[in-house]
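**Q** Below you will find the structure I want to go over with you.
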Amino acid sequence: MAVELEAPQVVPLQRSEEQLAEESREAESFAARYGLDFVDMNHFRIDNDLFRSIPFDLMLRYRFVPETQLDGRLAVVMADPSDVIKIDEMELLLGQPVEVRVGAGSAIDEILQKSESAQRVLDEATEDFRIQLVQEDEEGEEVLSIDRITADTSPIIKLVDSTIFNAIQRRASDIHIETRDTEVLIKYRIDGVLYQAMEPIDKRHHQTIVSRIKVMSELDIAEKRVPQDGRFKVRLKGRTIDFRVSIMPSVHGEDCVIRILDKESMNKDFKNLRLDILGFDEETMRKLRKFVREPYGMVLVTGPTGSGKTTTLYAALSEIQSSEDKIITIEDPVEYQLTGITQIPVNEKKGLTFARGLRSILRHDPDKIMIGEIRDEETAQIAIQSALTGHLVFTTVHANNVVDVLGRFLNMKVDLYNFVSALNCILAQRLVRKICDNCRRPVKASTELLEESGLDPEEHAGRTFYEGAGCIECNGTGFFGRLAVSELLDLSDAIREMILDRRPASEIKRAARDEGMSFLRDSALDKAFEGITTLREINKVTFVD
């Protein structure tokens, strides 16, 4: 099912970095000509209290942002301070004199667009949303005309639509609707962390919110005692976004989680997706590139759910893709669509499992195969056999680190000799949040934090770490985006023999370290030392040694 949202526009912003730099230079010379101060908008810090105290429509009409409240006057940043009449009008409406400073016009527009006040205008504009529901037949074709909701839609429909729209604007990966004793909480997962999206909603609206989501996902409204899974689509600004819905009964009512799969937005990034933009260190990347270019064997990526395993495999496929090779993937679901690669979605209801699909793939004469996840003995056996018979196999498995993978496969009763012979390497990874470049600042770590992080306070007392202060760009979180921390086990002859001898994991780890392997914690600490992430962030995703 699909929903069409018409997004309100505050200011259209589409400029290249060269244009922005040129505009900034023009603004600087303009300021010098008029004898005014120039403000570099790349480092502009908003005073939120001051921002809220000034009517937003005034800032939009006169195209300015307030910088600071001085003694008896207000300092504002404008793109064009040459219009004296306009400045007189501003002073009259603001009720105080203004001190004009000059900044790049597009940067002022961007701040106005991203401000909280603009978000309020956006929320009001959601009243004009037009919803179009679309159902899918069994072949996946879209068939119009279930329902068309007109201008007199209910407040609940507007609330759900504006929540979805806002989540997409804020780069959320999931929307969580949690039911409590007297209220309903709506949260967004942004960069892997949950944030409350709005004030709690009264419990009496809970059932209508969940019912609206069920209608969009074509689920049973009457059934409230068992979990339900569904999906719908949203058309927004000319692109289609997929949503996966999971409804779960709890003691206070039904909870709902909506996973956002913005394939088209991701595909723009995936045109240039390579291993070097994922955050791997140079040595890991060099080794991994060597393994993904081997003629056959298995490249295994491990980590918990949501640790970026699929993205890493796609980056590897993007690097080795060529017209001379046939690459086929089987996934559940196909998260991103790559051109030039045959991608098959698992459909267990119709009997298309990983194992059955993999058998069919092998009859299609592939050179390289990607298996979304190895979950059972049958899939594991076929994958290993494929790697031994001349195919390069990329796959993932759920395990905590590279050594735990070995035990995971032994539990699937695979032949250990074949498994070790097939393996090229095992990569374990986690995702950590990156400090926002816009509000990044140096800090000194406290003794307690250094001890919690397993670091010697005396040795690291003088070291400078970094954190984000919180700004409009990062929604006040101090973080923007994520990157991978990883460990790569190179299956050397010595390591293979130890695995075949079923030596303890501690011995295998010690031997790998002696061979120069860097572990997850080492990789995470390096990122903190480089000022890319924080100690608290790496402590959440890796164990302290």
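Chain lettering (A, B, ...) mirrors the order of the structure tokens, residue numbering begins at 1 for each chain separately, and ligand numbering begins at 1 in order of display.
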If you take only C-alpha atoms and a cut-off of 10 Å, which residues of stretch 393-450 of chain A touch stretch 537-541 of chain A, and what are their nearest atom pairs and distances in Å to one decimal, in chain and number order, as CSV?
**A**
residue,atom,partner,partner_atom,distance
A:Gln429,CA,A:Val541,CA,9.9
A:Arg430,CA,A:Val541,CA,6.8
A:Leu431,CA,A:Val541,CA,7.6
A:Val432,CA,A:Glu537,CA,6.5
A:Arg433,CA,A:Glu537,CA,7.0
A:Lys434,CA,A:Glu537,CA,9.1
A:Ile435,CA,A:Glu537,CA,9.8
A:Leu449,CA,A:Asn539,CA,9.8
**Q** Can you pull out every residue within 12 Å of A:Glu331, counting only C-alpha atoms, but drop anything in the same chain fewer than 6 positions away, and send it as a list of chain:residue names?
**A**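 Returned residues: A:Thr310, A:Leu313, A:Tyr314, A:Gln337, A:Thr342, A:Gln343, A:Ile344, A:Pro345, A:Val346, A:Asn347, A:Glu348, A:Leu352, A:Thr353, A:Phe354, A:Ala355, A:Gly357, A:Leu358, A:Ile369, A:Met370, A:Ile371, A:Gly372, A:Glu373, A:Ile374, A:Arg375, A:Phe394, A:Thr395, A:Thr396.
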**Q** Pick out the closest residue to A:Ile87 from this set: A:Arg101, A:Glu199, A:Pro442, A:Arg45. Count only C-alpha atoms.
**A**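 Closest candidate: A:Arg101.
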**Q** Counting only C-alpha atoms, which residues in stretch 414-517 of chain A sit no more than 9 Å from stretch 522-533 of chain A? For each one, give the nearest pair of atoms and the distance in Å, sorted by chain then residue number, as JSON lines.
**A**
{"residue": "A:Val432", "atom": "CA", "partner": "A:Thr533", "partner_atom": "CA", "distance": 7.2}
{"residue": "A:Arg433", "atom": "CA", "partner": "A:Thr533", "partner_atom": "CA", "distance": 6.4}
{"residue": "A:Lys434", "atom": "CA", "partner": "A:Thr533", "partner_atom": "CA", "distance": 5.0}
{"residue": "A:Ile435", "atom": "CA", "partner": "A:Thr533", "partner_atom": "CA", "distance": 5.3}
{"residue": "A:Cys436", "atom": "CA", "partner": "A:Ile532", "partner_atom": "CA", "distance": 8.8}
{"residue": "A:Arg440", "atom": "CA", "partner": "A:Gly531", "partner_atom": "CA", "distance": 8.9}
{"residue": "A:Pro442", "atom": "CA", "partner": "A:Gly531", "partner_atom": "CA", "distance": 8.4}
{"residue": "A:Arg463", "atom": "CA", "partner": "A:Phe529", "partner_atom": "CA", "distance": 8.3}
{"residue": "A:Thr464", "atom": "CA", "partner": "A:Phe529", "partner_atom": "CA", "distance": 8.0}
{"residue": "A:Phe465", "atom": "CA", "partner": "A:Gly531", "partner_atom": "CA", "distance": 5.8}
{"residue": "A:Tyr466", "atom": "CA", "partner": "A:Gly531", "partner_atom": "CA", "distance": 5.2}
{"residue": "A:Glu467", "atom": "CA", "partner": "A:Thr533", "partner_atom": "CA", "distance": 7.2}
{"residue": "A:Phe479", "atom": "CA", "partner": "A:Thr533", "partner_atom": "CA", "distance": 8.4}
{"residue": "A:Ala484", "atom": "CA", "partner": "A:Ala524", "partner_atom": "CA", "distance": 8.7}
{"residue": "A:Val485", "atom": "CA", "partner": "A:Ser523", "partner_atom": "CA", "distance": 5.6}
{"residue": "A:Ser486", "atom": "CA", "partner": "A:Ser523", "partner_atom": "CA", "distance": 6.2}
{"residue": "A:Glu487", "atom": "CA", "partner": "A:Ser523", "partner_atom": "CA", "distance": 7.3}
**Q** Taking N, CA, C and O atoms for each residue, export the selection above as a PDB file, in the first residue's frame.
**A**
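Saved file part-v4.pdb follows:
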ATOM      1  N   VAL A 432      29.392   3.001  15.047  1.00  0.00           N
ATOM      2  CA  VAL A 432      29.424   4.038  16.082  1.00  0.00           C
ATOM      3  C   VAL A 432      29.023   5.366  15.449  1.00  0.00           C
ATOM      4  O   VAL A 432      29.264   5.601  14.261  1.00  0.00           O
ATOM      5  N   ARG A 433      28.410   6.229  16.245  1.00  0.00           N
ATOM      6  CA  ARG A 433      27.988   7.530  15.728  1.00  0.00           C
ATOM      7  C   ARG A 433      29.182   8.471  15.579  1.00  0.00           C
ATOM      8  O   ARG A 433      30.083   8.478  16.421  1.00  0.00           O
ATOM      9  N   LYS A 434      29.155   9.254  14.497  1.00  0.00           N
ATOM     10  CA  LYS A 434      30.224  10.239  14.249  1.00  0.00           C
ATOM     11  C   LYS A 434      29.848  11.573  14.888  1.00  0.00           C
ATOM     12  O   LYS A 434      28.679  11.984  14.848  1.00  0.00           O
ATOM     13  N   ILE A 435      30.847  12.238  15.450  1.00  0.00           N
ATOM     14  CA  ILE A 435      30.624  13.577  16.008  1.00  0.00           C
ATOM     15  C   ILE A 435      30.254  14.517  14.865  1.00  0.00           C
ATOM     16  O   ILE A 435      30.858  14.486  13.792  1.00  0.00           O
ATOM     17  N   CYS A 436      29.257  15.360  15.096  1.00  0.00           N
ATOM     18  CA  CYS A 436      28.803  16.327  14.087  1.00  0.00           C
ATOM     19  C   CYS A 436      29.929  17.316  13.786  1.00  0.00           C
ATOM     20  O   CYS A 436      30.464  17.948  14.705  1.00  0.00           O
ATOM     21  N   ARG A 440      31.471  20.283  16.488  1.00  0.00           N
ATOM     22  CA  ARG A 440      32.540  19.517  17.123  1.00  0.00           C
ATOM     23  C   ARG A 440      33.434  20.438  17.949  1.00  0.00           C
ATOM     24  O   ARG A 440      33.819  21.500  17.500  1.00  0.00           O
ATOM     25  N   PRO A 442      36.714  20.482  21.260  1.00  0.00           N
ATOM     26  CA  PRO A 442      37.640  19.684  22.078  1.00  0.00           C
ATOM     27  C   PRO A 442      37.202  19.628  23.542  1.00  0.00           C
ATOM     28  O   PRO A 442      36.637  20.594  24.063  1.00  0.00           O
ATOM     29  N   ARG A 463      45.440  14.043  27.026  1.00  0.00           N
ATOM     30  CA  ARG A 463      44.937  13.829  25.656  1.00  0.00           C
ATOM     31  C   ARG A 463      43.645  14.615  25.415  1.00  0.00           C
ATOM     32  O   ARG A 463      42.769  14.679  26.274  1.00  0.00           O
ATOM     33  N   THR A 464      43.545  15.213  24.240  1.00  0.00           N
ATOM     34  CA  THR A 464      42.328  15.954  23.866  1.00  0.00           C
ATOM     35  C   THR A 464      41.380  15.031  23.122  1.00  0.00           C
ATOM     36  O   THR A 464      41.752  14.415  22.127  1.00  0.00           O
ATOM     37  N   PHE A 465      40.156  14.928  23.630  1.00  0.00           N
ATOM     38  CA  PHE A 465      39.092  14.201  22.935  1.00  0.00           C
ATOM     39  C   PHE A 465      38.121  15.235  22.365  1.00  0.00           C
ATOM     40  O   PHE A 465      38.275  16.441  22.590  1.00  0.00           O
ATOM     41  N   TYR A 466      37.116  14.762  21.626  1.00  0.00           N
ATOM     42  CA  TYR A 466      36.152  15.687  21.026  1.00  0.00           C
ATOM     43  C   TYR A 466      34.726  15.220  21.305  1.00  0.00           C
ATOM     44  O   TYR A 466      34.482  14.033  21.554  1.00  0.00           O
ATOM     45  N   GLU A 467      33.792  16.177  21.253  1.00  0.00           N
ATOM     46  CA  GLU A 467      32.368  15.853  21.357  1.00  0.00           C
ATOM     47  C   GLU A 467      31.576  16.895  20.585  1.00  0.00           C
ATOM     48  O   GLU A 467      32.112  17.954  20.225  1.00  0.00           O
ATOM     49  N   PHE A 479      25.756  14.365  17.210  1.00  0.00           N
ATOM     50  CA  PHE A 479      26.231  13.315  16.291  1.00  0.00           C
ATOM     51  C   PHE A 479      25.531  13.457  14.948  1.00  0.00           C
ATOM     52  O   PHE A 479      24.367  13.862  14.874  1.00  0.00           O
ATOM     53  N   ALA A 484      31.855   2.514  10.544  1.00  0.00           N
ATOM     54  CA  ALA A 484      32.119   1.153  11.033  1.00  0.00           C
ATOM     55  C   ALA A 484      33.418   1.079  11.821  1.00  0.00           C
ATOM     56  O   ALA A 484      34.407   1.718  11.480  1.00  0.00           O
ATOM     57  N   VAL A 485      33.389   0.297  12.919  1.00  0.00           N
ATOM     58  CA  VAL A 485      34.619  -0.163  13.570  1.00  0.00           C
ATOM     59  C   VAL A 485      34.652  -1.675  13.358  1.00  0.00           C
ATOM     60  O   VAL A 485      33.602  -2.329  13.357  1.00  0.00           O
ATOM     61  N   SER A 486      35.850  -2.227  13.139  1.00  0.00           N
ATOM     62  CA  SER A 486      35.876  -3.609  12.661  1.00  0.00           C
ATOM     63  C   SER A 486      37.101  -4.377  13.136  1.00  0.00           C
ATOM     64  O   SER A 486      38.070  -3.803  13.645  1.00  0.00           O
ATOM     65  N   GLU A 487      37.028  -5.700  12.963  1.00  0.00           N
ATOM     66  CA  GLU A 487      38.190  -6.579  13.125  1.00  0.00           C
ATOM     67  C   GLU A 487      38.142  -7.600  11.985  1.00  0.00           C
ATOM     68  O   GLU A 487      37.073  -8.085  11.621  1.00  0.00           O
TER      69      GLU A 487
END
**Q** Within 8 Å of A:Asp255, counting only C-alpha atoms, which residues show up once you throw out same-chain ones fewer than 3 positions away? Write them as a list in words, please.
**A**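 Returned residues: His176, Ile177, Glu178, Thr179, Ile247, Met248, Pro249 and Ser250 of chain A.
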**Q** Those same residues, written as a PDB file, in the first residue's frame with N, CA and C atoms?
**A**
ATOM      1  N   HIS A 176       8.977   4.408  16.421  1.00  0.00           N
ATOM      2  CA  HIS A 176       8.461   3.545  17.488  1.00  0.00           C
ATOM      3  C   HIS A 176       7.250   4.222  18.128  1.00  0.00           C
ATOM      4  N   ILE A 177       6.127   3.508  18.180  1.00  0.00           N
ATOM      5  CA  ILE A 177       4.934   4.001  18.881  1.00  0.00           C
ATOM      6  C   ILE A 177       4.744   3.099  20.097  1.00  0.00           C
ATOM      7  N   GLU A 178       5.028   3.651  21.280  1.00  0.00           N
ATOM      8  CA  GLU A 178       5.040   2.864  22.517  1.00  0.00           C
ATOM      9  C   GLU A 178       3.860   3.258  23.401  1.00  0.00           C
ATOM     10  N   THR A 179       3.135   2.252  23.872  1.00  0.00           N
ATOM     11  CA  THR A 179       1.958   2.494  24.705  1.00  0.00           C
ATOM     12  C   THR A 179       2.318   2.374  26.179  1.00  0.00           C
ATOM     13  N   ILE A 247       3.283  -4.838  14.398  1.00  0.00           N
ATOM     14  CA  ILE A 247       2.378  -4.530  15.511  1.00  0.00           C
ATOM     15  C   ILE A 247       2.526  -5.640  16.555  1.00  0.00           C
ATOM     16  N   MET A 248       2.706  -5.252  17.819  1.00  0.00           N
ATOM     17  CA  MET A 248       2.925  -6.234  18.889  1.00  0.00           C
ATOM     18  C   MET A 248       2.035  -5.897  20.092  1.00  0.00           C
ATOM     19  N   PRO A 249       1.208  -6.869  20.575  1.00  0.00           N
ATOM     20  CA  PRO A 249       0.379  -6.584  21.763  1.00  0.00           C
ATOM     21  C   PRO A 249       1.239  -6.501  23.020  1.00  0.00           C
ATOM     22  N   SER A 250       0.956  -5.525  23.894  1.00  0.00           N
ATOM     23  CA  SER A 250       1.656  -5.402  25.187  1.00  0.00           C
ATOM     24  C   SER A 250       0.618  -5.252  26.290  1.00  0.00           C
TER      25      SER A 250
END
**Q** For A:Leu273, list every protein, DNA or RNA residue within 9 Å, evaluated using only C-alpha atoms, and leave out those in the same chain fewer than 6 positions away; present the list as a PyMOL selection string.
**A** chain A and resi 311+314-316+318-319
**Q** Save out the residues we just selected, C-alpha atoms, as a CSV table (one decimal), in the first residue's frame.
**A**
chain,number,residue,atom,x,y,z
A,311,THR,CA,26.0,-2.2,3.5
A,314,TYR,CA,27.1,-4.0,-1.1
A,315,ALA,CA,30.2,-1.8,-1.0
A,316,ALA,CA,32.4,-4.8,-1.7
A,318,SER,CA,30.2,-2.2,-6.0
A,319,GLU,CA,34.0,-2.3,-6.1
**Q** Neighbouring residues of stretch 490-494 of chain A were defined as those with any atom within 12 Å, considering only C-alpha atoms; residues of the same chain fewer than 2 positions away were excluded. Please report them as a PyMOL selection string.
**A** chain A and resi 283-284+286-288+290-291+297-300+402-403+406+419-428+487-488+496-501+503+507-518
**Q** DSSP says alpha helix (DSSP H) for which residues of stretch 10-117 of chain A? Put them as a ChimeraX atom specification?
**A** /A:17-34,48-53,56-62,84-94,105-114,116-117
**Q** Measure the distance from atom CA of A:Arg239 to atom CA of A:Ile164 in Å and round it to one decimal.
**A**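 Atom CA of A:Arg239 sits 14.4 Å away from atom CA of A:Ile164.
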**Q** For the atom pair atom CA of A:Arg293 and atom CA of A:Ser323, what is the interatomic distance in Å to one decimal place?
**A**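 Going from atom CA of A:Arg293 over to atom CA of A:Ser323, I get 15.0 Å.
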**Q** What parts of stretch 219-419 of chain A does DSSP call strand (DSSP E)? I'd like the answer as an NGL selection string.
**A** :A and (228-236 or 239-250 or 253-261 or 297-302 or 327-331 or 342-345 or 368-371 or 392-397)
**Q** In Å, rounded to a single decimal, give me how far atom CA of A:Thr534 is from atom CA of A:Ser453.
**A**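 A separation of 10.6 Å between them.
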**Q** Name the residues in contact with A:Gly390 at a cut-off of 10 Å, using only C-alpha atoms, excluding same-chain residues fewer than 3 positions from it; report them as a list in words.
**A** Pro295, Tyr296, Gly297, Pro366, Asp367, Lys368, Gln385, Ser386, Ala387, Val393 and Ala422 of chain A
**Q** Residues of the last selection are to be written out with N, CA, C and O atoms, as a compact mmCIF listing (two decimals), in the first residue's frame.
**A**
# COMPACT_ATOMS: atom_id res chain seq x y z
N PRO A 295 39.52 -15.23 -6.67
CA PRO A 295 38.67 -15.87 -7.69
C PRO A 295 37.54 -16.70 -7.09
O PRO A 295 36.49 -16.87 -7.71
N TYR A 296 37.72 -17.27 -5.90
CA TYR A 296 36.66 -18.06 -5.26
C TYR A 296 36.92 -18.06 -3.75
O TYR A 296 37.93 -17.56 -3.27
N GLY A 297 35.98 -18.66 -3.00
CA GLY A 297 36.08 -18.68 -1.55
C GLY A 297 34.92 -17.93 -0.91
O GLY A 297 33.98 -17.51 -1.59
N PRO A 366 26.43 -18.28 -12.02
CA PRO A 366 26.96 -17.03 -11.47
C PRO A 366 28.48 -17.12 -11.26
O PRO A 366 29.04 -18.21 -11.13
N ASP A 367 29.14 -15.95 -11.22
CA ASP A 367 30.55 -15.90 -10.83
C ASP A 367 30.67 -15.56 -9.35
O ASP A 367 31.52 -16.08 -8.64
N LYS A 368 29.78 -14.66 -8.91
CA LYS A 368 29.82 -14.22 -7.51
C LYS A 368 28.41 -14.25 -6.95
O LYS A 368 27.45 -13.89 -7.63
N GLN A 385 29.82 -25.31 -0.12
CA GLN A 385 30.06 -26.09 -1.33
C GLN A 385 30.27 -25.17 -2.53
O GLN A 385 31.15 -25.42 -3.38
N SER A 386 29.50 -24.08 -2.60
CA SER A 386 29.63 -23.12 -3.70
C SER A 386 31.01 -22.47 -3.69
O SER A 386 31.63 -22.28 -4.73
N ALA A 387 31.46 -22.10 -2.46
CA ALA A 387 32.77 -21.46 -2.33
C ALA A 387 33.90 -22.41 -2.72
O ALA A 387 34.95 -21.97 -3.21
N VAL A 393 31.73 -16.26 -2.71
CA VAL A 393 30.48 -16.15 -1.94
C VAL A 393 30.63 -15.08 -0.86
O VAL A 393 31.57 -15.11 -0.07
N ALA A 422 37.05 -23.26 2.68
CA ALA A 422 36.28 -22.31 1.89
C ALA A 422 36.52 -20.86 2.31
O ALA A 422 36.43 -19.94 1.48
**Q** Taking 2 positions as the minimum chain separation for residues in the same chain, which residues sit within 9 Å of A:Ile46 when counting only C-alpha atoms? Answer as number ranges by chain.
**A** A: 44, 48-51, 65-68, 111, 471-472
**Q** So, counting only C-alpha atoms, which residue among A:Glu223, A:Glu254, A:Asp181, A:Asp456 is closest to A:Ile209?
**A** A:Glu254
